[in-house]
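Enquirer: What follows is final_3.tsv, TSV, C-alpha atoms.
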chain	number	residue	atom	x	y	z
W	1	MET	CA	0.00	0.00	0.00
W	2	LEU	CA	2.72	2.49	0.96
W	3	SER	CA	4.93	1.75	-2.07
W	4	LYS	CA	1.98	2.40	-4.41
W	5	TYR	CA	1.30	5.67	-2.61
W	6	LEU	CA	4.98	6.67	-2.91
W	7	ASP	CA	4.97	5.87	-6.65
W	8	GLU	CA	1.94	8.13	-7.15
W	9	LEU	CA	3.84	11.07	-5.65
W	10	GLU	CA	6.47	11.14	-8.41
W	11	ASN	CA	4.93	13.92	-10.54
W	12	SER	CA	2.57	15.28	-7.95
W	13	SER	CA	1.83	18.86	-6.96
W	14	LYS	CA	0.10	17.73	-3.80
W	15	LEU	CA	0.24	19.36	-0.43
W	16	ILE	CA	0.67	16.68	2.23
W	17	PHE	CA	0.39	17.36	5.95
W	18	VAL	CA	1.95	15.01	8.51
W	19	THR	CA	1.15	15.78	12.13
W	20	GLY	CA	1.78	14.05	15.41
W	21	GLY	CA	3.13	14.40	18.91
W	22	THR	CA	6.70	14.48	20.14
W	23	LYS	CA	8.69	11.42	19.01
W	24	SER	CA	5.65	10.07	17.13
W	25	GLY	CA	7.56	9.44	13.89
W	26	LYS	CA	6.08	12.37	11.95
W	27	SER	CA	9.42	13.64	10.60
W	28	GLU	CA	10.60	10.15	9.65
W	29	PHE	CA	7.36	9.53	7.78
W	30	ALA	CA	7.56	12.88	5.97
W	31	GLU	CA	11.13	12.04	4.92
W	32	LEU	CA	9.99	8.60	3.75
W	33	LEU	CA	7.35	10.20	1.51
W	34	LEU	CA	10.11	12.02	-0.36
W	35	LYS	CA	12.78	9.31	-0.32
W	36	ASN	CA	12.58	8.72	-4.10
W	37	PHE	CA	13.12	12.39	-4.91
W	38	CYS	CA	16.64	13.72	-5.35
W	39	ASN	CA	15.91	17.43	-5.78
W	40	VAL	CA	14.13	18.00	-2.46
W	41	THR	CA	14.69	21.15	-0.47
W	42	TYR	CA	14.44	20.43	3.26
W	43	VAL	CA	13.29	23.54	5.11
W	44	ALA	CA	14.27	23.39	8.79
W	45	LEU	CA	12.20	26.09	10.48
W	46	SER	CA	14.17	27.06	13.53
W	47	HIS	CA	16.74	29.35	15.01
W	48	LYS	CA	20.20	27.74	15.23
W	49	ARG	CA	20.13	27.39	19.08
W	50	GLN	CA	23.88	26.63	19.23
W	51	ASP	CA	23.89	26.60	23.06
W	52	ASP	CA	21.16	23.93	23.32
W	53	ASP	CA	22.90	20.52	23.34
W	54	ASN	CA	19.62	18.55	23.16
W	55	TRP	CA	18.52	20.57	20.12
W	56	GLN	CA	21.88	20.03	18.43
W	57	GLN	CA	21.60	16.24	18.97
W	58	LYS	CA	18.13	16.30	17.42
W	59	ILE	CA	19.48	18.18	14.39
W	60	ILE	CA	22.31	15.65	13.98
W	61	MET	CA	19.78	12.78	14.09
W	62	HIS	CA	17.62	14.47	11.43
W	63	ARG	CA	20.64	15.13	9.18
W	64	LYS	CA	21.73	11.49	9.34
W	65	ARG	CA	18.31	10.33	8.12
W	66	ARG	CA	18.06	12.72	5.18
W	67	SER	CA	19.27	11.95	1.70
W	68	LYS	CA	22.65	13.52	0.92
W	69	SER	CA	21.19	14.83	-2.35
W	70	TRP	CA	18.65	17.01	-0.58
W	71	ARG	CA	19.33	20.71	-0.21
W	72	LEU	CA	18.98	22.16	3.29
W	73	ILE	CA	17.63	25.61	4.14
W	74	GLU	CA	17.75	26.48	7.85
W	75	THR	CA	15.54	29.53	8.25
W	76	ILE	CA	12.79	31.19	10.19
W	77	ASP	CA	11.44	32.96	7.08
W	78	LEU	CA	9.09	30.41	5.51
W	79	LEU	CA	7.21	32.93	3.37
W	80	THR	CA	10.36	33.90	1.46
W	81	VAL	CA	11.24	30.24	0.89
W	82	LEU	CA	7.77	29.48	-0.46
W	83	LYS	CA	8.09	32.33	-2.96
W	84	SER	CA	11.60	31.42	-4.12
W	85	GLU	CA	11.70	27.60	-4.16
W	86	HIS	CA	10.01	25.76	-7.01
W	87	GLY	CA	10.83	22.07	-6.54
W	88	PRO	CA	9.65	19.57	-3.92
W	89	LEU	CA	9.76	20.89	-0.35
W	90	LEU	CA	9.75	19.26	3.05
W	91	ILE	CA	8.94	21.79	5.77
W	92	ASP	CA	9.86	20.61	9.27
W	93	SER	CA	8.15	21.92	11.24
W	94	ILE	CA	5.34	24.44	11.04
W	95	GLY	CA	5.76	25.29	14.72
W	96	GLY	CA	8.82	27.34	13.72
W	97	PHE	CA	6.55	29.64	11.71
W	98	ILE	CA	4.36	30.16	14.74
W	99	MET	CA	7.32	30.82	17.04
W	100	GLU	CA	8.75	33.39	14.64
W	101	ASN	CA	5.40	35.23	14.74
W	102	ILE	CA	4.39	34.51	18.34
W	103	GLU	CA	4.62	38.11	19.49
W	104	LEU	CA	2.42	39.51	16.72
W	105	GLU	CA	-0.92	40.94	17.75
W	106	ASN	CA	-3.76	38.65	16.73
W	107	LYS	CA	-4.85	40.78	13.74
W	108	LEU	CA	-1.31	40.71	12.31
W	109	TRP	CA	-0.99	37.00	13.06
W	110	LEU	CA	-4.19	36.27	11.11
W	111	MET	CA	-2.84	38.26	8.15
W	112	LYS	CA	0.47	36.37	8.27
W	113	MET	CA	-1.33	33.02	8.54
W	114	ASP	CA	-3.57	33.88	5.57
W	115	LEU	CA	-0.49	34.81	3.54
W	116	LEU	CA	1.10	31.47	4.41
W	117	ILE	CA	-2.01	29.57	3.32
W	118	LYS	CA	-2.16	31.56	0.06
W	119	ASN	CA	1.50	30.76	-0.67
W	120	LEU	CA	0.96	27.07	0.06
W	121	LYS	CA	-2.07	26.97	-2.26
W	122	ASN	CA	0.00	28.55	-5.04
W	123	ARG	CA	2.76	25.92	-4.92
W	124	LYS	CA	3.13	23.88	-8.10
W	125	SER	CA	5.42	21.17	-6.67
W	126	LEU	CA	5.00	18.51	-4.04
W	127	THR	CA	5.09	20.04	-0.56
W	128	VAL	CA	5.18	17.99	2.64
W	129	ILE	CA	4.62	19.85	5.91
W	130	VAL	CA	5.36	18.46	9.37
W	131	GLY	CA	3.29	19.82	12.26
W	132	GLU	CA	3.35	19.26	15.98
W	133	GLN	CA	0.22	18.14	17.84
W	134	VAL	CA	0.23	20.18	21.01
W	135	GLY	CA	-3.39	20.56	22.05
W	136	TRP	CA	-3.71	17.12	23.64
W	137	SER	CA	-1.66	18.03	26.67
W	138	LEU	CA	-2.00	20.23	29.70
W	139	VAL	CA	-3.05	23.84	29.33
W	140	SER	CA	0.06	25.99	29.75
W	141	GLU	CA	0.33	28.14	32.84
W	142	TYR	CA	2.05	30.75	30.66
W	143	LYS	CA	0.29	33.14	28.27
W	144	ILE	CA	2.83	32.55	25.50
W	145	GLY	CA	2.33	28.79	25.75
W	146	ASN	CA	-1.42	29.15	25.33
W	147	ILE	CA	-0.97	31.53	22.40
W	148	TYR	CA	1.28	28.92	20.75
W	149	ILE	CA	-1.22	26.12	21.34
W	150	GLU	CA	-4.16	28.17	20.04
W	151	ARG	CA	-2.30	29.34	16.94
W	152	MET	CA	-1.04	25.85	16.23
W	153	GLY	CA	-4.55	24.42	16.35
W	154	GLU	CA	-5.89	27.21	14.14
W	155	LEU	CA	-3.09	26.92	11.57
W	156	GLN	CA	-3.23	23.13	11.47
W	157	LYS	CA	-6.97	23.21	10.72
W	158	MET	CA	-6.30	25.54	7.80
W	159	ILE	CA	-3.42	23.42	6.46
W	160	THR	CA	-5.55	20.29	6.78
W	161	LYS	CA	-8.32	21.90	4.72
W	162	ILE	CA	-6.02	22.72	1.79
W	163	SER	CA	-3.96	19.51	1.91
W	164	LYS	CA	-4.68	16.67	-0.50
W	165	ASP	CA	-3.54	14.13	2.07
W	166	ASN	CA	-3.40	14.36	5.86
W	167	TRP	CA	-1.52	11.88	8.02
W	168	LEU	CA	-1.41	11.47	11.79
W	169	ALA	CA	1.68	9.85	13.34
W	170	LEU	CA	1.15	8.01	16.62
W	171	ASN	CA	3.70	5.85	18.40
W	172	GLY	CA	5.71	5.11	15.25
W	173	ARG	CA	2.64	4.36	13.08
W	174	VAL	CA	0.67	6.56	10.69
W	175	ILE	CA	-3.02	6.88	9.90
W	176	LYS	CA	-4.33	8.59	6.78
W	177	ILE	CA	-6.98	10.62	8.53
W	178	ASP	CA	-8.79	11.71	5.34
W	179	ASP	CA	-10.01	8.14	4.89
W	180	ILE	CA	-11.52	7.77	8.35
W	181	SER	CA	-12.71	11.23	9.29
W	182	LEU	CA	-15.31	13.89	8.56
W	183	GLU	CA	-14.61	17.61	8.42
W	184	ILE	CA	-16.33	19.56	11.17
W	185	PRO	CA	-18.35	22.38	9.55
W	186	SER	CA	-17.38	25.82	10.73
Go ahead and express the file in the form of structure tokens.
Expert:
Amino acid sequence: MLSKYLDELENSSKLIFVTGGTKSGKSEFAELLLKNFCNVTYVALSHKRQDDDNWQQKIIMHRKRRSKSWRLIETIDLLTVLKSEHGPLLIDSIGGFIMENIELENKLWLMKMDLLIKNLKNRKSLTVIVGEQVGWSLVSEYKIGNIYIERMGELQKMITKISKDNWLALNGRVIKIDDISLEIPS
């Protein structure tokens, strides 16, 4: 089943969303979806965080898994990348976009989010986005944590609506949620 799905991606202009919790396998699955492509641009959405040893170990682990032929862009400016890159993209992870815009007032955030969705819709090449599931845990005692959780839920709903395929990673397994779910009318 998976190999047939991977074959169908070859000349696709699909938007695919892979979401899941911490250590769920979401990044590995997103990378697997693009394993047969050699001209992939991997967009790592994060600040460098050179002083964070745990973060650096995570980056090393991700680099080891990726194909050597893939191009890497480490950035916090996703909108510029979406405008300038024309081949297959793997964006890992969308939480970096939220963190870069976390201090925006809500009106400006909504404008930025709408611009992101517009740019994703306009893509002509296969785009795989990794997103963190954060709303299943405790409510944060900090305002910024709750803003992050709310914006993540809002953005992920929008990405899900425009994606051709949506996958949920749980405990090292994936479920294609389009096949077993109904959209909640808004």
Enquirer: Of the residues W:Ser163, W:Ser181, W:Gln56, W:Gln133, which is the one nearest to Gly21 in chain W, using all atoms listed in the file?
Expert: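 Using all atoms listed in the file, Gly21 in chain W sits closest to W:Gln133.
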Enquirer: If I take CA of Lys157 in chain W and CA of Phe29 in chain W, how far is one from the other in Å, to one decimal?
Expert: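 Computed distance, CA of Lys157 in chain W to CA of Phe29 in chain W, equals 20.0 Å.
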Enquirer: If you measure from CA of Ile102 in chain W to CA of Asp114 in chain W, what distance in Å do you get, rounded to one decimal?
Expert: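 Interatomic distance, CA of Ile102 in chain W to CA of Asp114 in chain W: 15.1 Å.
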Enquirer: Could you make a table, as CSV, of the residues of range 15-55 of chain W that have an atom within 10 Å of an atom of range 134-145 of chain W, each with its nearest atom pair and distance in Å to one decimal, counting only C-alpha atoms, in chain and number order?
Expert:
residue,atom,partner,partner_atom,distance
W:Thr19,CA,W:Val134,CA,10.0
W:Gly20,CA,W:Val134,CA,8.4
W:Gly21,CA,W:Val134,CA,6.8
W:Thr22,CA,W:Val134,CA,8.7
Enquirer: Please produce an output containing C-alpha atoms for each residue in the selection, written as a short mmCIF file (atom, residue, chain, number, x, y, z; two decimals), keeping the file's coordinate frame.
Expert:
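Writing done, so here's again29.cif:
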data_model
loop_
_atom_site.label_atom_id
_atom_site.label_comp_id
_atom_site.auth_asym_id
_atom_site.auth_seq_id
_atom_site.Cartn_x
_atom_site.Cartn_y
_atom_site.Cartn_z
CA THR W 19 1.15 15.78 12.13
CA GLY W 20 1.78 14.05 15.41
CA GLY W 21 3.13 14.40 18.91
CA THR W 22 6.70 14.48 20.14
#
Enquirer: Tell me, as a ChimeraX atom specification, which residues lie within 10 Å of Leu32 in chain W, counting only C-alpha atoms; anything in the same chain fewer than 6 positions away does not count.
Expert: /W:2,6,26,65-66
Enquirer: So the first atom is CA of Asp92 in chain W and the second is CA of Leu45 in chain W; what is the distance between them in Å, to one decimal place?
Expert: 6.1 Å
Enquirer: Could you please give me, as a PyMOL selection string, the residues of protein, DNA or RNA lying at most 10 Å from (10.9, 12.3, 2.8) in the coordinate frame of the file, considering only C-alpha atoms?
Expert: chain W and resi 6+27-37+40+42+65-67+70+88-90+128
Enquirer: To test the calculation: enclose all listed atoms of range 72-78 of chain W in a box whose edges run along x, y and z, add 3 Å on each side, then state centre and edge lengths in Å to one decimal, as AutoDock Vina command-line options.
Expert:
--center_x 14.0 --center_y 27.6 --center_z 6.7 --size_x 15.9 --size_y 16.8 --size_z 12.9
Enquirer: Output range 28-39 of chain W as a compact mmCIF listing (two decimals), in the coordinates of the input, making sure all heavy atoms are there.
Expert:
# COMPACT_ATOMS: atom_id res chain seq x y z
N GLU W 28 10.12 11.32 10.40
CA GLU W 28 10.60 10.15 9.65
C GLU W 28 9.64 9.79 8.53
O GLU W 28 10.06 9.47 7.42
CB GLU W 28 10.76 8.92 10.57
CG GLU W 28 11.86 9.05 11.59
CD GLU W 28 11.38 9.54 12.94
OE1 GLU W 28 10.40 10.30 13.02
OE2 GLU W 28 12.01 9.18 13.94
N PHE W 29 8.34 9.86 8.81
CA PHE W 29 7.36 9.53 7.78
C PHE W 29 7.38 10.56 6.65
O PHE W 29 7.34 10.20 5.48
CB PHE W 29 5.95 9.41 8.37
CG PHE W 29 4.93 8.99 7.35
CD1 PHE W 29 4.94 7.70 6.83
CD2 PHE W 29 3.98 9.88 6.90
CE1 PHE W 29 4.02 7.31 5.87
CE2 PHE W 29 3.04 9.50 5.94
CZ PHE W 29 3.07 8.21 5.43
N ALA W 30 7.49 11.83 7.00
CA ALA W 30 7.56 12.88 5.97
C ALA W 30 8.79 12.67 5.08
O ALA W 30 8.71 12.80 3.85
CB ALA W 30 7.60 14.25 6.63
N GLU W 31 9.91 12.31 5.69
CA GLU W 31 11.13 12.04 4.92
C GLU W 31 10.94 10.81 4.03
O GLU W 31 11.39 10.80 2.88
CB GLU W 31 12.31 11.85 5.87
CG GLU W 31 12.68 13.13 6.59
CD GLU W 31 13.51 12.91 7.84
OE1 GLU W 31 13.91 11.75 8.13
OE2 GLU W 31 13.75 13.90 8.56
N LEU W 32 10.27 9.80 4.53
CA LEU W 32 9.99 8.60 3.75
C LEU W 32 9.15 8.93 2.51
O LEU W 32 9.39 8.40 1.43
CB LEU W 32 9.26 7.57 4.62
CG LEU W 32 8.81 6.28 3.93
CD1 LEU W 32 10.03 5.48 3.48
CD2 LEU W 32 7.94 5.47 4.86
N LEU W 33 8.20 9.83 2.64
CA LEU W 33 7.35 10.20 1.51
C LEU W 33 8.17 10.77 0.35
O LEU W 33 7.79 10.64 -0.81
CB LEU W 33 6.29 11.23 1.94
CG LEU W 33 5.22 10.74 2.89
CD1 LEU W 33 4.31 11.89 3.31
CD2 LEU W 33 4.40 9.61 2.27
N LEU W 34 9.29 11.38 0.67
CA LEU W 34 10.11 12.02 -0.36
C LEU W 34 11.40 11.27 -0.67
O LEU W 34 12.27 11.77 -1.36
CB LEU W 34 10.43 13.45 0.07
CG LEU W 34 9.23 14.39 0.09
CD1 LEU W 34 9.52 15.64 0.88
CD2 LEU W 34 8.80 14.73 -1.32
N LYS W 35 11.52 10.04 -0.19
CA LYS W 35 12.78 9.31 -0.32
C LYS W 35 13.19 9.06 -1.77
O LYS W 35 14.37 8.94 -2.06
CB LYS W 35 12.73 7.99 0.45
CG LYS W 35 11.89 6.92 -0.22
CD LYS W 35 11.98 5.60 0.51
CE LYS W 35 11.31 4.54 -0.32
NZ LYS W 35 11.62 3.21 0.13
N ASN W 36 12.24 8.99 -2.70
CA ASN W 36 12.58 8.72 -4.10
C ASN W 36 12.89 9.97 -4.90
O ASN W 36 13.17 9.90 -6.09
CB ASN W 36 11.43 7.95 -4.77
CG ASN W 36 11.26 6.57 -4.17
OD1 ASN W 36 12.21 5.96 -3.70
ND2 ASN W 36 10.03 6.09 -4.16
N PHE W 37 12.83 11.12 -4.25
CA PHE W 37 13.12 12.39 -4.91
C PHE W 37 14.55 12.79 -4.61
O PHE W 37 15.01 12.66 -3.48
CB PHE W 37 12.18 13.49 -4.40
CG PHE W 37 10.74 13.31 -4.79
CD1 PHE W 37 9.93 12.41 -4.12
CD2 PHE W 37 10.20 14.05 -5.82
CE1 PHE W 37 8.60 12.24 -4.46
CE2 PHE W 37 8.87 13.89 -6.18
CZ PHE W 37 8.08 12.99 -5.50
N CYS W 38 15.26 13.30 -5.61
CA CYS W 38 16.64 13.72 -5.35
C CYS W 38 16.78 15.24 -5.31
O CYS W 38 17.79 15.75 -4.87
CB CYS W 38 17.61 13.11 -6.34
SG CYS W 38 17.13 13.29 -8.04
N ASN W 39 15.79 15.97 -5.75
CA ASN W 39 15.91 17.43 -5.78
C ASN W 39 15.05 18.10 -4.71
O ASN W 39 14.54 19.19 -4.91
CB ASN W 39 15.54 17.96 -7.16
CG ASN W 39 14.11 17.60 -7.56
OD1 ASN W 39 13.52 16.68 -7.02
ND2 ASN W 39 13.56 18.34 -8.50
